[in-house]
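K.L.:
I'm passing along my_file.cif; it holds mmCIF, C-alpha atoms.
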```
data_query
loop_
_atom_site.label_atom_id
_atom_site.label_comp_id
_atom_site.auth_asym_id
_atom_site.auth_seq_id
_atom_site.Cartn_x
_atom_site.Cartn_y
_atom_site.Cartn_z
CA MET A 4 84.15 81.91 116.02
CA TYR A 5 87.19 82.81 118.14
CA ALA A 6 88.13 85.66 115.81
CA ARG A 7 84.63 87.14 115.99
CA VAL A 8 84.63 86.97 119.79
CA LYS A 9 88.06 88.57 119.92
CA ASP A 10 86.99 91.41 117.62
CA PHE A 11 83.85 91.95 119.69
CA LEU A 12 85.83 92.16 122.94
CA LEU A 13 88.39 94.53 121.43
CA ARG A 14 85.63 96.85 120.23
CA ARG A 15 84.02 96.82 123.67
CA LEU A 16 87.37 97.53 125.34
CA GLU A 17 88.50 100.23 122.91
CA GLY A 18 86.87 103.08 124.84
CA PRO A 19 88.06 102.05 128.32
CA LEU A 20 91.59 101.35 127.03
CA ARG A 21 91.76 104.74 125.33
CA TYR A 22 90.57 106.41 128.53
CA ALA A 23 93.19 104.51 130.55
CA ARG A 24 95.96 105.65 128.19
CA GLU A 25 94.78 109.26 128.33
CA LEU A 26 94.62 109.14 132.12
CA SER A 27 98.11 107.65 132.31
CA THR A 28 99.44 110.40 130.01
CA ALA A 29 97.77 113.12 132.06
CA LEU A 30 99.20 111.75 135.31
CA THR A 31 102.69 111.48 133.81
CA GLU A 32 102.54 115.06 132.52
CA ARG A 33 101.37 116.28 135.90
CA ARG A 34 104.28 114.49 137.58
CA LEU A 35 106.76 115.99 135.10
CA ASN A 36 105.01 119.39 135.20
CA ILE A 37 104.79 119.64 131.39
CA GLU A 38 102.03 119.77 128.75
CA THR A 39 102.89 118.10 125.45
CA ARG A 40 99.68 116.45 124.32
CA HIS A 41 98.48 116.63 120.73
CA SER A 42 96.26 119.52 119.68
CA ASP A 43 93.67 119.33 116.92
CA SER A 44 94.50 122.85 115.82
CA GLY A 45 97.47 125.17 115.53
CA PRO A 46 100.92 124.67 113.95
CA GLY A 47 101.87 121.06 113.39
CA ALA A 48 98.33 119.72 113.90
CA ARG A 49 97.06 117.11 111.47
CA PRO A 50 94.89 118.84 108.85
CA ASN A 51 92.84 117.22 106.11
CA LEU A 52 95.76 116.94 103.72
CA PRO A 53 97.26 113.97 101.85
CA ASP A 54 100.29 112.00 103.02
CA TYR A 55 99.94 113.14 106.64
CA ARG A 56 101.47 116.49 105.77
CA GLY A 57 101.63 119.30 108.28
CA ILE A 58 100.74 122.86 107.41
CA TYR A 59 103.03 124.94 105.23
CA SER A 60 105.73 127.16 106.75
CA ASP A 61 107.67 129.95 105.03
CA ARG A 62 110.69 128.79 107.05
CA ALA A 63 110.72 125.35 105.41
CA VAL A 64 113.09 124.65 102.52
CA TYR A 65 110.82 121.82 101.32
CA ASP A 66 107.08 121.48 101.74
CA ASP A 67 107.13 118.01 103.29
CA ASN A 68 106.78 118.43 107.06
CA VAL A 69 104.56 115.93 108.89
CA TYR A 70 101.88 116.80 111.46
CA TYR A 71 102.78 116.87 115.18
CA GLU A 72 102.05 113.80 117.28
CA PRO A 73 103.90 113.08 120.55
CA LEU A 74 105.42 109.69 121.25
CA GLU A 75 103.45 107.68 123.81
CA TYR A 76 105.25 107.57 127.14
CA ARG A 77 105.10 103.77 127.30
CA ASN A 78 107.29 103.55 124.18
CA VAL A 79 110.19 105.54 125.53
CA ARG A 80 111.99 103.15 127.86
CA GLY A 81 112.98 100.56 125.23
CA ILE A 82 114.05 103.18 122.71
CA PHE A 83 116.55 104.90 124.96
CA ARG A 84 117.88 101.66 126.36
CA VAL A 85 119.26 100.96 122.86
CA PHE A 86 120.86 104.41 122.69
CA ASP A 87 122.71 103.75 126.00
CA LEU A 88 122.97 107.47 126.73
CA GLY A 89 125.94 108.73 128.75
CA ARG A 90 127.24 111.98 130.21
CA ASP A 91 129.21 112.90 127.08
CA VAL A 92 126.15 112.78 124.78
CA LEU A 93 124.91 115.85 122.91
CA PHE A 94 121.38 114.71 122.05
CA TYR A 95 119.30 116.18 119.19
CA ASP A 96 115.54 115.63 118.89
CA ILE A 97 114.69 116.71 115.33
CA GLY A 98 111.06 117.67 114.98
CA CYS A 99 110.72 117.98 118.76
CA GLY A 100 107.22 119.48 118.75
CA LYS A 101 106.25 120.49 122.28
CA GLY A 102 109.26 118.71 123.72
CA ARG A 103 108.00 115.47 125.24
CA VAL A 104 110.99 113.32 124.28
CA LEU A 105 113.62 115.96 124.92
CA CYS A 106 112.15 116.61 128.39
CA LEU A 107 112.33 112.90 129.20
CA VAL A 108 115.90 112.68 127.92
CA ALA A 109 116.88 115.78 129.91
CA ARG A 110 116.05 113.89 133.10
CA LEU A 111 119.25 111.96 132.39
CA PRO A 112 122.68 113.52 133.07
CA LEU A 113 123.85 114.33 129.51
CA ARG A 114 126.10 117.07 128.14
CA LYS A 115 123.15 118.81 126.49
CA VAL A 116 119.73 118.14 124.94
CA VAL A 117 118.69 120.11 121.84
CA GLY A 118 115.27 120.23 120.20
CA VAL A 119 114.86 121.34 116.57
CA GLU A 120 111.39 122.49 115.52
CA LEU A 121 109.98 124.31 112.50
CA PHE A 122 107.07 126.22 114.05
CA ASP A 123 107.39 129.15 116.48
CA GLU A 124 104.32 128.16 118.50
CA LEU A 125 105.61 124.63 119.08
CA CYS A 126 109.08 125.97 119.90
CA GLU A 127 107.59 128.26 122.53
CA ALA A 128 105.63 125.36 124.03
CA ALA A 129 108.83 123.27 124.13
CA ARG A 130 110.73 126.09 125.85
CA GLN A 131 108.01 126.48 128.46
CA ASN A 132 108.00 122.74 129.11
CA ALA A 133 111.80 122.67 129.37
CA GLY A 134 111.70 125.56 131.82
CA ARG A 135 109.23 123.95 134.22
CA LEU A 136 110.28 120.30 133.85
CA ARG A 137 110.72 118.52 137.17
CA GLY A 138 113.85 116.44 137.67
CA ARG A 139 115.87 118.00 134.85
CA LYS A 140 119.55 116.99 134.93
CA SER A 141 120.71 118.30 131.53
CA PRO A 142 120.63 121.73 129.90
CA ILE A 143 118.00 122.10 127.16
CA GLU A 144 118.13 124.29 124.05
CA ILE A 145 115.34 124.77 121.50
CA ILE A 146 116.29 125.76 117.94
CA CYS A 147 113.41 127.09 115.86
CA ALA A 148 114.58 126.47 112.30
CA ASP A 149 114.35 124.22 109.26
CA ALA A 150 116.32 121.08 110.13
CA THR A 151 118.36 121.29 106.92
CA LYS A 152 119.89 124.58 108.08
CA VAL A 153 121.00 123.62 111.59
CA ASP A 154 124.66 123.28 112.64
CA TYR A 155 125.19 119.72 113.94
CA SER A 156 128.96 120.03 114.38
CA ASP A 157 129.10 118.57 117.92
CA ALA A 158 125.98 116.38 117.98
CA THR A 159 126.52 112.72 118.88
CA VAL A 160 123.00 111.22 119.12
CA PHE A 161 119.99 112.01 116.93
CA TYR A 162 116.36 110.98 117.39
CA TRP A 163 113.39 111.65 115.13
CA TRP A 164 109.92 110.25 114.53
CA ASN A 165 109.11 110.58 110.82
CA PRO A 166 109.02 114.39 111.03
CA PHE A 167 109.37 115.14 107.30
CA GLY A 168 109.58 113.73 103.79
CA GLU A 169 112.46 112.47 101.66
CA GLN A 170 113.74 115.84 100.48
CA THR A 171 114.19 117.25 103.96
CA MET A 172 115.56 113.91 105.16
CA ARG A 173 118.29 114.02 102.51
CA GLY A 174 119.10 117.60 103.44
CA VAL A 175 119.41 116.73 107.14
CA ILE A 176 121.61 113.69 106.48
CA GLN A 177 123.82 115.81 104.25
CA ARG A 178 124.24 118.37 107.05
CA ILE A 179 125.10 115.63 109.55
CA ARG A 180 127.61 114.09 107.15
CA GLU A 181 129.25 117.47 106.54
CA SER A 182 129.65 117.88 110.30
CA PHE A 183 131.12 114.36 110.51
CA ASP A 184 133.63 115.08 107.75
CA LYS A 185 134.80 118.20 109.61
CA ASN A 186 134.69 116.61 113.06
CA PRO A 187 134.97 112.78 112.91
CA ARG A 188 133.24 111.25 115.93
CA SER A 189 130.87 108.52 116.97
CA ILE A 190 127.33 109.39 115.86
CA ARG A 191 124.15 107.37 116.47
CA ILE A 192 120.79 107.95 114.81
CA GLY A 193 117.43 106.53 115.91
CA TYR A 194 114.58 106.78 113.41
CA LEU A 195 111.07 105.86 114.61
CA LYS A 196 108.58 104.88 111.89
CA PRO A 197 111.40 104.82 109.31
CA VAL A 198 109.41 105.64 106.16
CA HIS A 199 112.52 106.92 104.37
CA HIS A 200 115.04 104.47 105.85
CA TYR A 201 116.65 103.98 102.44
CA VAL A 202 118.06 107.51 102.63
CA LEU A 203 120.24 106.44 105.57
CA ASP A 204 120.91 102.98 104.14
CA GLU A 205 122.49 104.62 101.07
CA GLU A 206 125.12 106.38 103.20
CA THR A 207 128.35 104.36 103.25
CA TRP A 208 129.55 106.12 106.42
CA LEU A 209 126.55 104.75 108.34
CA GLU A 210 125.52 101.21 109.28
CA ARG A 211 122.40 99.76 110.85
CA TYR A 212 123.14 98.26 114.24
CA ALA A 213 119.73 97.68 115.86
CA SER A 214 116.00 97.56 115.24
CA ILE A 215 113.20 97.30 117.78
CA LYS A 216 109.42 97.23 118.00
CA THR A 217 107.84 99.71 120.39
CA VAL A 218 105.06 98.73 122.80
CA THR A 219 102.52 100.10 120.31
CA GLY A 220 104.02 98.15 117.39
CA SER A 221 105.99 100.86 115.57
CA THR A 222 109.47 100.06 114.26
CA MET A 223 112.55 102.03 115.26
CA VAL A 224 115.83 101.53 113.39
CA PHE A 225 119.25 102.64 114.64
CA TRP A 226 122.35 103.62 112.63
CA ARG A 227 125.89 104.54 113.67
CA THR A 228 129.02 105.84 112.02
CA VAL A 229 131.45 103.27 110.67
CA ALA A 230 134.48 105.22 109.44
CA SER A 231 136.32 108.50 109.55
CA PRO A 232 136.67 110.54 106.32
CA ALA A 233 140.32 109.44 105.89
CA SER A 234 139.45 105.74 105.93
CA ARG A 235 136.56 105.86 103.44
#
```
Would you mind giving the structure from this file in structure tokens?
P.N.:
Amino acid sequence: MYARVKDFLLRRLEGPLRYARELSTALTERRLNIETRHSDSGPGARPNLPDYRGIYSDRAVYDDNVYYEPLEYRNVRGIFRVFDLGRDVLFYDIGCGKGRVLCLVARLPLRKVVGVELFDELCEAARQNAGRLRGRKSPIEIICADATKVDYSDATVFYWWNPFGEQTMRGVIQRIRESFDKNPRSIRIGYLKPVHHYVLDEETWLERYASIKTVTGSTMVFWRTVASPASR
């Protein structure tokens, strides 16, 4: 009986709760002076394709990109508390979309915030948002490229939210490791909705150091470097 009542109440509240979340998002975006909400069309939008794939891009090395969906604002605070971001951080948001997360991070005083995105239209939206963001304290750069081709030589913190499949994930981790071998440093990686977590778990130069649940119930796992090339 209790379960039926609970389900009934949740169904009745679904519409008002969704409206409240949308209103909260709109008010936050107005305060920040950005527009990053999901679109049902255009590059990165979720089409009727299997495995939540995004649309194909000639720029992509592998055809495994995932459709664009911005992180809900209410999830952000706990995630970046674990990162413990400081002034020396060079932060990379891989699969940045329209730039919601990188704009929020850029309101902290960091060395630099970099967004990596596959599609030109989303890159342009991210640049426009970065340019008009209120309260920005860090420089922002948007790189429009396949993530497996980007130079990560000075990056210290990485964030991504399931932006691509296993093949691209392996390529990105390989690029990060190559940069670590050439320039040993402390690196931290935060992976929200870690579908391909085993790719990072296989890397002996990385270790898991934290895992959290977001407000909406998604899992985020954190890794960090454990050794320099000479000590491995």
K.L.:
Exactly which residues make up the result of the PyMOL selection byres ((chain A and resi 132-145) around 8) on this file, given as an mmCIF file with C-alpha atoms, keeping the file's coordinate frame?
P.N.:
```
data_model
loop_
_atom_site.group_PDB
_atom_site.id
_atom_site.type_symbol
_atom_site.label_atom_id
_atom_site.label_comp_id
_atom_site.auth_asym_id
_atom_site.auth_seq_id
_atom_site.Cartn_x
_atom_site.Cartn_y
_atom_site.Cartn_z
ATOM 1 C CA ARG A 34 104.280 114.490 137.580
ATOM 2 C CA LEU A 35 106.760 115.990 135.100
ATOM 3 C CA ASN A 36 105.010 119.390 135.200
ATOM 4 C CA ILE A 37 104.790 119.640 131.390
ATOM 5 C CA GLU A 38 102.030 119.770 128.750
ATOM 6 C CA THR A 39 102.890 118.100 125.450
ATOM 7 C CA LYS A 101 106.250 120.490 122.280
ATOM 8 C CA GLY A 102 109.260 118.710 123.720
ATOM 9 C CA LEU A 105 113.620 115.960 124.920
ATOM 10 C CA CYS A 106 112.150 116.610 128.390
ATOM 11 C CA ALA A 109 116.880 115.780 129.910
ATOM 12 C CA ARG A 110 116.050 113.890 133.100
ATOM 13 C CA LEU A 111 119.250 111.960 132.390
ATOM 14 C CA PRO A 112 122.680 113.520 133.070
ATOM 15 C CA LEU A 113 123.850 114.330 129.510
ATOM 16 C CA ARG A 114 126.100 117.070 128.140
ATOM 17 C CA LYS A 115 123.150 118.810 126.490
ATOM 18 C CA VAL A 116 119.730 118.140 124.940
ATOM 19 C CA VAL A 117 118.690 120.110 121.840
ATOM 20 C CA GLY A 118 115.270 120.230 120.200
ATOM 21 C CA VAL A 119 114.860 121.340 116.570
ATOM 22 C CA GLU A 120 111.390 122.490 115.520
ATOM 23 C CA CYS A 126 109.080 125.970 119.900
ATOM 24 C CA ALA A 128 105.630 125.360 124.030
ATOM 25 C CA ALA A 129 108.830 123.270 124.130
ATOM 26 C CA ARG A 130 110.730 126.090 125.850
ATOM 27 C CA GLN A 131 108.010 126.480 128.460
ATOM 28 C CA ILE A 146 116.290 125.760 117.940
ATOM 29 C CA CYS A 147 113.410 127.090 115.860
#
```
K.L.:
If you measure from CA of Glu32 (chain A) to CA of Asp149 (chain A), what distance in Å do you get, rounded to one decimal?
P.N.:
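Separation between CA of Glu32 (chain A) and CA of Asp149 (chain A): 27.6 Å.
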K.L.:
So which residues touch region 79-84 of chain A within 12 Å, counting all atoms listed in the file, skipping near sequence neighbours fewer than 4 positions away, as a PyMOL selection string?
P.N.:
chain A and resi 73-75+88-89+94+103-109+111+160-164+191-195+213-219+221-225
K.L.:
Calculate how many Å separate CA of Tyr201 (chain A) from CA of Arg188 (chain A), rounding to one decimal.
P.N.:
22.6 Å
K.L.:
How many Å separate CA of Val153 (chain A) from CA of Ser189 (chain A)?
P.N.:
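So the answer is 18.8 Å.
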K.L.:
Using only C-alpha atoms, can you tell me which of A:Asp123, A:Asp154, A:Asp204, A:Asp87 comes closest to Ser60 (chain A)?
P.N.:
A:Asp123
K.L.:
Got a sec to resolve the PyMOL selection byres ((chain A and resi 165) around 10) on this structure and send the residues as a list in words?
P.N.:
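This file gives the following for the PyMOL selection byres ((chain A and resi 165) around 10): Asn68, Val69, Tyr70, Tyr71, Ile97, Gly98, Tyr162, Trp163, Trp164, Pro166, Phe167, Gly168, Glu169, Met172, Tyr194, Leu195, Lys196, Pro197, Val198, His199 and His200 of chain A.
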K.L.:
Go ahead and find all residues with at least one atom no further than 12 Å from (124.2, 103.5, 104.1) in the file's coordinates, using only C-alpha atoms; report them as a PDB file with C-alpha atoms, in the coordinates of the input.
P.N.:
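Heads up, here's the output in point-v1.pdb:
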```
ATOM      1  CA  ILE A 176     121.610 113.690 106.480  1.00  0.00           C
ATOM      2  CA  ARG A 180     127.610 114.090 107.150  1.00  0.00           C
ATOM      3  CA  HIS A 200     115.040 104.470 105.850  1.00  0.00           C
ATOM      4  CA  TYR A 201     116.650 103.980 102.440  1.00  0.00           C
ATOM      5  CA  VAL A 202     118.060 107.510 102.630  1.00  0.00           C
ATOM      6  CA  LEU A 203     120.240 106.440 105.570  1.00  0.00           C
ATOM      7  CA  ASP A 204     120.910 102.980 104.140  1.00  0.00           C
ATOM      8  CA  GLU A 205     122.490 104.620 101.070  1.00  0.00           C
ATOM      9  CA  GLU A 206     125.120 106.380 103.200  1.00  0.00           C
ATOM     10  CA  THR A 207     128.350 104.360 103.250  1.00  0.00           C
ATOM     11  CA  TRP A 208     129.550 106.120 106.420  1.00  0.00           C
ATOM     12  CA  LEU A 209     126.550 104.750 108.340  1.00  0.00           C
ATOM     13  CA  GLU A 210     125.520 101.210 109.280  1.00  0.00           C
ATOM     14  CA  ARG A 211     122.400  99.760 110.850  1.00  0.00           C
ATOM     15  CA  TYR A 212     123.140  98.260 114.240  1.00  0.00           C
ATOM     16  CA  PHE A 225     119.250 102.640 114.640  1.00  0.00           C
ATOM     17  CA  TRP A 226     122.350 103.620 112.630  1.00  0.00           C
ATOM     18  CA  ARG A 227     125.890 104.540 113.670  1.00  0.00           C
ATOM     19  CA  THR A 228     129.020 105.840 112.020  1.00  0.00           C
ATOM     20  CA  VAL A 229     131.450 103.270 110.670  1.00  0.00           C
ATOM     21  CA  ALA A 230     134.480 105.220 109.440  1.00  0.00           C
TER      22      ALA A 230
END
```
K.L.:
Find the residue from A:His41, A:Arg90, A:Arg33, A:Arg62 that sits nearest to Thr151 (chain A); use all atoms listed in the file when measuring.
P.N.:
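Of the candidates, the smallest distance to Thr151 (chain A) is held by A:Arg62.
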K.L.:
Looking at only C-alpha atoms, which of A:Val64, A:Thr159, A:Leu93, A:Phe122 is the one that sits closest to Val175 (chain A)?
P.N.:
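Nearest to Val175 (chain A): A:Val64.
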